[in-house]
Amino acid sequence: MRTKGIIIGMAVLLTACTARQSKELNVSRELDYCRSQIERTLQETGNKNQMPQNIADSLNHWKTVDIAISEWVIGFWPGILWYNYEHTGNTTDSITADDYTHLLYPLTQLPAYDHDLGFQLFCSYGNAYRLTGNELYRQIILNAADTLATLFNPNVGTILSWPREVEGRGWPHNTIIDNMINLEMLFWASKNGGSPKLYDMAVKHAETTMQNHFREDGGCYHVAVYDTIDGHFLKGVTHQGYADSSLWARGQAWAIYGYTMVYRETHDKKFLRFTEKITDLYLSRLPEKEFVPYWDFDAPTIPNEPKDASAAAIVASALLELSQLEDNKEKANEYKTAAVNMLVELSSDKYQSRELKPSFLLHSTGHYPKGSEVDASIIYADYYYIEALIRLKTM
Ligand code: GLY
């Protein structure tokens, strides 16, 4: 049953046309909805060294992934459980979150397979430490940050994202835009007992990426390829987008989320101005009167292309934070309104899975060119959705 709770609504906005007027969102009700879907998932999957990953369009049950496979998504389910604990405050919920978080421990003892350590270990252990202050978690994250730092190439000024693609695709030093998210763990470590060099690496990565990874209009490539030795930018290409120069929705979402976080950590205005530029491009290209993008803004058969709810959830969460960091009141309002509108749309019967499936959301697209996770429920869409709801609740 849908219950009453905190209602967030926004006033009519003064100017910006991208802002549009936001509708009402019952944050407590949506968080309770997430809690009930989590219960269903726990009953369905059990605690068997498996993390929920996706539910295909045609199916009703989670496909899980074995933690030993080190998939990039394995930290999202523990992260969801921590956000659920933040909502409920129930000790049993923290015990469940802790159980799943500890499943990732073996990963913390390995050398870096690729850049995804931040996704895997900061969404899980990062939230665990934030909510409990447990010293063991702090040590694990510090260790993970040092491991991630081994992929930093000072000749280029970025972290190598995919070591296996150096040979595999002939991409000497490759950095994908998603890598921006992993910088948060480096910033965090530098403030919590780790080396100050981790801060410098994160800033350098953000600066180098800002310089090379984006086109004139603020749209990003998925992958930037650099010369390993002299560090010069060789080319920008895609992996999961429609074309090298197209605007892949989730790639732009990672950029918005990443640069918002970099501005929060550095207070350097150049990052704020840049975040505005890449955000404004994203907002200006959303479909008319809609807040969930197609999987790629340049996909050839729009409107007959799948949507990507995960991109909307990532951007909603980012814009809630950006609206609080803004030095321009009008833009702050614009971004908050846009974020609420995204959450309203994601919370509608079109996007919520409800009785159909135990996930929170439908209609995300993981890897369209590979035909994988197209129009599916995907665990990271759920993660950023619940994160955004929690952010809105605590704002
Ligand atoms: N980090 C991979 C993706 O966004 O699909």
# chains A, B, ... in the order shown; residues from 1 in each chain; ligands from 1

call {"tool": "select_by_dssp", "arguments": {"residues": "region 101-325 of chain A", "states": "helix (DSSP H, G or I)", "output": "PyMOL selection string"}}
result
chain A and resi 101-102+105-108+117-132+135-149+164-168+179-191+197-212+249-266+269-284+309-325

call {"tool": "residues_near_ligand", "arguments": {"ligand": "ligand 1", "cutoff": "8 Å", "atoms": "only C-alpha atoms and all ligand atoms", "output": "list in words"}}
result
Trp72, Asp116, Asp178, Asn179, Gln240, Arg250, Gly251, Trp254, Gly366 and His367 of chain A

call {"tool": "select_by_dssp", "arguments": {"residues": "region 126-340 of chain A", "states": "strand (DSSP E)", "output": "ChimeraX atom specification"}}
result
/A:152-153,158-159,173-176,223-226,233-237

call {"tool": "closest_atom_pairs", "arguments": {"of": "region 24-60 of chain A", "to": "region 324-341 of chain A", "cutoff": "12 Å", "atoms": "only C-alpha atoms", "output": "JSON lines"}}
result
{"residue": "A:Glu24", "atom": "CA", "partner": "A:Val340", "partner_atom": "CA", "distance": 8.1}
{"residue": "A:Leu25", "atom": "CA", "partner": "A:Val340", "partner_atom": "CA", "distance": 7.3}
{"residue": "A:Asn26", "atom": "CA", "partner": "A:Val340", "partner_atom": "CA", "distance": 10.5}
{"residue": "A:Val27", "atom": "CA", "partner": "A:Val340", "partner_atom": "CA", "distance": 10.1}

call {"tool": "residues_around", "arguments": {"residues": "Asn174 (chain A)", "least_positions_apart": "2", "cutoff": "9 Å", "atoms": "only C-alpha atoms", "output": "ChimeraX atom specification"}}
result
/A:158-163,165-166,171-172,176,223-228

call {"tool": "closest_residue", "arguments": {"among": "A:His61, A:Tyr85, A:Asp146, A:Thr132", "to": "Leu110 (chain A)", "atoms": "only C-alpha atoms"}}
result
A:Asp146

call {"tool": "residues_around", "arguments": {"residues": "Tyr257 (chain A)", "least_positions_apart": "2", "cutoff": "7 Å", "atoms": "only C-alpha atoms", "output": "ChimeraX atom specification"}}
result
/A:253-255,259-261,314-315,318

call {"tool": "residues_around", "arguments": {"residues": "region 344-349 of chain A", "least_positions_apart": "3", "cutoff": "8 Å", "atoms": "only C-alpha atoms", "output": "list in words"}}
result
Lys23, Glu24, Leu25, Glu30, Glu290, Phe291, Val292, Ala309, Ala312, Ala313, Val340, Asn341, Gln352, Ser353, Arg354 and Leu361 of chain A

call {"tool": "closest_atom_pairs", "arguments": {"of": "region 28-117 of chain A", "to": "region 373-385 of chain A", "cutoff": "9 Å", "atoms": "only C-alpha atoms", "output": "tab-separated table"}}
result
residue	atom	partner	partner_atom	distance
A:Cys34	CA	A:Asp382	CA	8.6
A:Pro52	CA	A:Ile379	CA	6.7
A:Gln53	CA	A:Ile379	CA	5.2
A:Asn54	CA	A:Ile378	CA	4.4
A:Ile55	CA	A:Ser377	CA	5.0
A:Ala56	CA	A:Ala376	CA	4.8
A:Asp57	CA	A:Ala376	CA	4.9
A:Ser58	CA	A:Ala376	CA	8.5
A:Trp62	CA	A:Ser377	CA	8.7
A:Val73	CA	A:Tyr380	CA	7.1
A:Phe76	CA	A:Tyr383	CA	6.0
A:Trp77	CA	A:Ile379	CA	7.0
A:Gly79	CA	A:Tyr383	CA	6.9
A:Ile80	CA	A:Tyr383	CA	5.4
A:Tyr83	CA	A:Tyr383	CA	8.5

call {"tool": "write_last_selection", "arguments": {"atoms": "N, CA, C and O atoms", "output": "PDB file, in the first residue's frame"}}
result
ATOM      1  N   CYS A  34      11.123   0.856  -2.266  1.00  0.00           N
ATOM      2  CA  CYS A  34      12.437   0.221  -2.449  1.00  0.00           C
ATOM      3  C   CYS A  34      12.644  -0.859  -1.394  1.00  0.00           C
ATOM      4  O   CYS A  34      13.120  -1.964  -1.685  1.00  0.00           O
ATOM      5  N   PRO A  52      22.742  -9.634  -7.136  1.00  0.00           N
ATOM      6  CA  PRO A  52      21.811  -9.396  -8.240  1.00  0.00           C
ATOM      7  C   PRO A  52      22.437  -8.475  -9.286  1.00  0.00           C
ATOM      8  O   PRO A  52      23.106  -7.510  -8.917  1.00  0.00           O
ATOM      9  N   GLN A  53      22.225  -8.793 -10.562  1.00  0.00           N
ATOM     10  CA  GLN A  53      22.847  -7.974 -11.616  1.00  0.00           C
ATOM     11  C   GLN A  53      21.818  -7.345 -12.551  1.00  0.00           C
ATOM     12  O   GLN A  53      21.839  -6.150 -12.792  1.00  0.00           O
ATOM     13  N   ASN A  54      20.918  -8.181 -13.108  1.00  0.00           N
ATOM     14  CA  ASN A  54      19.926  -7.615 -14.027  1.00  0.00           C
ATOM     15  C   ASN A  54      18.727  -8.545 -14.155  1.00  0.00           C
ATOM     16  O   ASN A  54      18.797  -9.715 -13.771  1.00  0.00           O
ATOM     17  N   ILE A  55      17.638  -7.998 -14.670  1.00  0.00           N
ATOM     18  CA  ILE A  55      16.472  -8.814 -15.021  1.00  0.00           C
ATOM     19  C   ILE A  55      16.122  -8.454 -16.456  1.00  0.00           C
ATOM     20  O   ILE A  55      15.776  -7.299 -16.749  1.00  0.00           O
ATOM     21  N   ALA A  56      16.265  -9.408 -17.341  1.00  0.00           N
ATOM     22  CA  ALA A  56      15.986  -9.148 -18.762  1.00  0.00           C
ATOM     23  C   ALA A  56      14.524  -8.766 -18.932  1.00  0.00           C
ATOM     24  O   ALA A  56      13.658  -9.155 -18.129  1.00  0.00           O
ATOM     25  N   ASP A  57      14.284  -8.030 -19.989  1.00  0.00           N
ATOM     26  CA  ASP A  57      12.935  -7.556 -20.303  1.00  0.00           C
ATOM     27  C   ASP A  57      11.896  -8.680 -20.235  1.00  0.00           C
ATOM     28  O   ASP A  57      10.801  -8.508 -19.710  1.00  0.00           O
ATOM     29  N   SER A  58      12.271  -9.850 -20.729  1.00  0.00           N
ATOM     30  CA  SER A  58      11.306 -10.952 -20.848  1.00  0.00           C
ATOM     31  C   SER A  58      11.214 -11.801 -19.575  1.00  0.00           C
ATOM     32  O   SER A  58      10.452 -12.756 -19.514  1.00  0.00           O
ATOM     33  N   TRP A  62      15.910 -12.081 -10.920  1.00  0.00           N
ATOM     34  CA  TRP A  62      17.274 -11.573 -11.062  1.00  0.00           C
ATOM     35  C   TRP A  62      18.204 -12.600 -11.678  1.00  0.00           C
ATOM     36  O   TRP A  62      18.192 -13.770 -11.275  1.00  0.00           O
ATOM     37  N   VAL A  73      29.856  -4.568 -11.392  1.00  0.00           N
ATOM     38  CA  VAL A  73      28.605  -4.211 -10.713  1.00  0.00           C
ATOM     39  C   VAL A  73      28.469  -4.794  -9.299  1.00  0.00           C
ATOM     40  O   VAL A  73      27.465  -4.543  -8.636  1.00  0.00           O
ATOM     41  N   PHE A  76      27.150  -2.765  -6.064  1.00  0.00           N
ATOM     42  CA  PHE A  76      25.909  -1.965  -6.009  1.00  0.00           C
ATOM     43  C   PHE A  76      24.864  -2.542  -5.045  1.00  0.00           C
ATOM     44  O   PHE A  76      24.158  -1.795  -4.383  1.00  0.00           O
ATOM     45  N   TRP A  77      24.768  -3.873  -5.008  1.00  0.00           N
ATOM     46  CA  TRP A  77      23.750  -4.468  -4.118  1.00  0.00           C
ATOM     47  C   TRP A  77      24.073  -4.175  -2.646  1.00  0.00           C
ATOM     48  O   TRP A  77      23.191  -3.697  -1.907  1.00  0.00           O
ATOM     49  N   GLY A  79      25.655  -1.661  -1.603  1.00  0.00           N
ATOM     50  CA  GLY A  79      25.395  -0.214  -1.480  1.00  0.00           C
ATOM     51  C   GLY A  79      23.913   0.076  -1.316  1.00  0.00           C
ATOM     52  O   GLY A  79      23.501   0.896  -0.481  1.00  0.00           O
ATOM     53  N   ILE A  80      23.083  -0.619  -2.073  1.00  0.00           N
ATOM     54  CA  ILE A  80      21.621  -0.463  -1.948  1.00  0.00           C
ATOM     55  C   ILE A  80      21.169  -0.832  -0.537  1.00  0.00           C
ATOM     56  O   ILE A  80      20.350  -0.150   0.085  1.00  0.00           O
ATOM     57  N   TYR A  83      21.973   1.967   1.804  1.00  0.00           N
ATOM     58  CA  TYR A  83      21.014   3.086   1.690  1.00  0.00           C
ATOM     59  C   TYR A  83      19.676   2.712   2.334  1.00  0.00           C
ATOM     60  O   TYR A  83      19.007   3.541   2.948  1.00  0.00           O
TER      61      TYR A  83
END

call {"tool": "closest_residue", "arguments": {"among": "A:Leu121, A:Ile302, A:Ile67, A:Leu131", "to": "Thr91 (chain A)", "atoms": "only C-alpha atoms"}}
result
A:Leu131

call {"tool": "closest_residue", "arguments": {"among": "A:Ala206, A:Leu392, A:Leu117, A:Leu343", "to": "Leu142 (chain A)", "atoms": "only C-alpha atoms"}}
result
A:Leu117

call {"tool": "residues_around", "arguments": {"residues": "Leu81 (chain A)", "least_positions_apart": "3", "cutoff": "9 Å", "atoms": "only C-alpha atoms", "output": "tab-separated table (two decimals) with N, CA, C and O atoms, in the first residue's frame"}}
result
chain	number	residue	atom	x	y	z
A	35	ARG	N	12.26	-0.53	-0.16
A	35	ARG	CA	12.44	-1.51	0.93
A	35	ARG	C	11.67	-2.80	0.63
A	35	ARG	O	12.19	-3.90	0.83
A	38	ILE	N	13.44	-4.76	-1.98
A	38	ILE	CA	14.65	-5.38	-1.41
A	38	ILE	C	14.30	-6.67	-0.69
A	38	ILE	O	14.97	-7.69	-0.83
A	76	PHE	N	27.15	-2.76	-6.06
A	76	PHE	CA	25.91	-1.96	-6.01
A	76	PHE	C	24.86	-2.54	-5.05
A	76	PHE	O	24.16	-1.79	-4.38
A	77	TRP	N	24.77	-3.87	-5.01
A	77	TRP	CA	23.75	-4.47	-4.12
A	77	TRP	C	24.07	-4.17	-2.65
A	77	TRP	O	23.19	-3.70	-1.91
A	78	PRO	N	25.33	-4.39	-2.19
A	78	PRO	CA	25.63	-3.97	-0.81
A	78	PRO	C	25.34	-2.48	-0.60
A	78	PRO	O	24.81	-2.08	0.44
A	84	ASN	N	19.30	1.43	2.18
A	84	ASN	CA	18.05	0.99	2.82
A	84	ASN	C	18.17	1.12	4.34
A	84	ASN	O	17.24	1.58	5.01
A	85	TYR	N	19.32	0.74	4.87
A	85	TYR	CA	19.55	0.88	6.32
A	85	TYR	C	19.50	2.35	6.71
A	85	TYR	O	18.93	2.72	7.76
A	86	GLU	N	20.05	3.22	5.86
A	86	GLU	CA	20.01	4.66	6.16
A	86	GLU	C	18.55	5.13	6.25
A	86	GLU	O	18.21	5.98	7.07
A	93	ASP	N	18.70	-4.49	9.15
A	93	ASP	CA	19.07	-4.06	7.79
A	93	ASP	C	20.58	-3.81	7.70
A	93	ASP	O	21.20	-4.06	6.66
A	94	SER	N	21.18	-3.31	8.78
A	94	SER	CA	22.63	-3.09	8.73
A	94	SER	C	23.37	-4.43	8.76
A	94	SER	O	24.41	-4.58	8.12
A	96	THR	N	22.30	-7.21	7.40
A	96	THR	CA	22.21	-7.74	6.03
A	96	THR	C	23.21	-7.02	5.12
A	96	THR	O	23.92	-7.65	4.33
A	97	ALA	N	23.27	-5.70	5.24
A	97	ALA	CA	24.19	-4.92	4.40
A	97	ALA	C	25.63	-5.34	4.68
A	97	ALA	O	26.45	-5.50	3.76
A	98	ASP	N	25.94	-5.53	5.94
A	98	ASP	CA	27.28	-5.94	6.34
A	98	ASP	C	27.63	-7.32	5.77
A	98	ASP	O	28.73	-7.53	5.26
A	100	TYR	N	26.54	-8.78	3.05
A	100	TYR	CA	26.83	-8.71	1.61
A	100	TYR	C	28.12	-7.94	1.33
A	100	TYR	O	28.85	-8.25	0.39
A	124	SER	N	30.08	0.03	-1.86
A	124	SER	CA	29.80	-0.93	-0.78
A	124	SER	C	30.48	-0.48	0.52
A	124	SER	O	29.82	0.04	1.43

call {"tool": "closest_residue", "arguments": {"among": "A:Gly75, A:Leu103, A:Leu151, A:Val262", "to": "Gly126 (chain A)", "atoms": "only C-alpha atoms"}}
result
A:Gly75

call {"tool": "closest_residue", "arguments": {"among": "A:Ser372, A:Ser310, A:Trp82, A:Asp99", "to": "Gly46 (chain A)", "atoms": "only C-alpha atoms"}}
result
A:Asp99

call {"tool": "atom_distance", "arguments": {"atom1": "CA of Lys191 (chain A)", "atom2": "CA of Lys269 (chain A)"}}
result
20.4 Å

call {"tool": "residues_around", "arguments": {"residues": "Asp280 (chain A)", "least_positions_apart": "4", "cutoff": "9 Å", "atoms": "only C-alpha atoms", "output": "MDAnalysis selection string"}}
result
chainID A and resid 18 218 275:276 284:285

call {"tool": "atom_distance", "arguments": {"atom1": "CA of Gly118 (chain A)", "atom2": "CA of Trp295 (chain A)"}}
result
23.7 Å
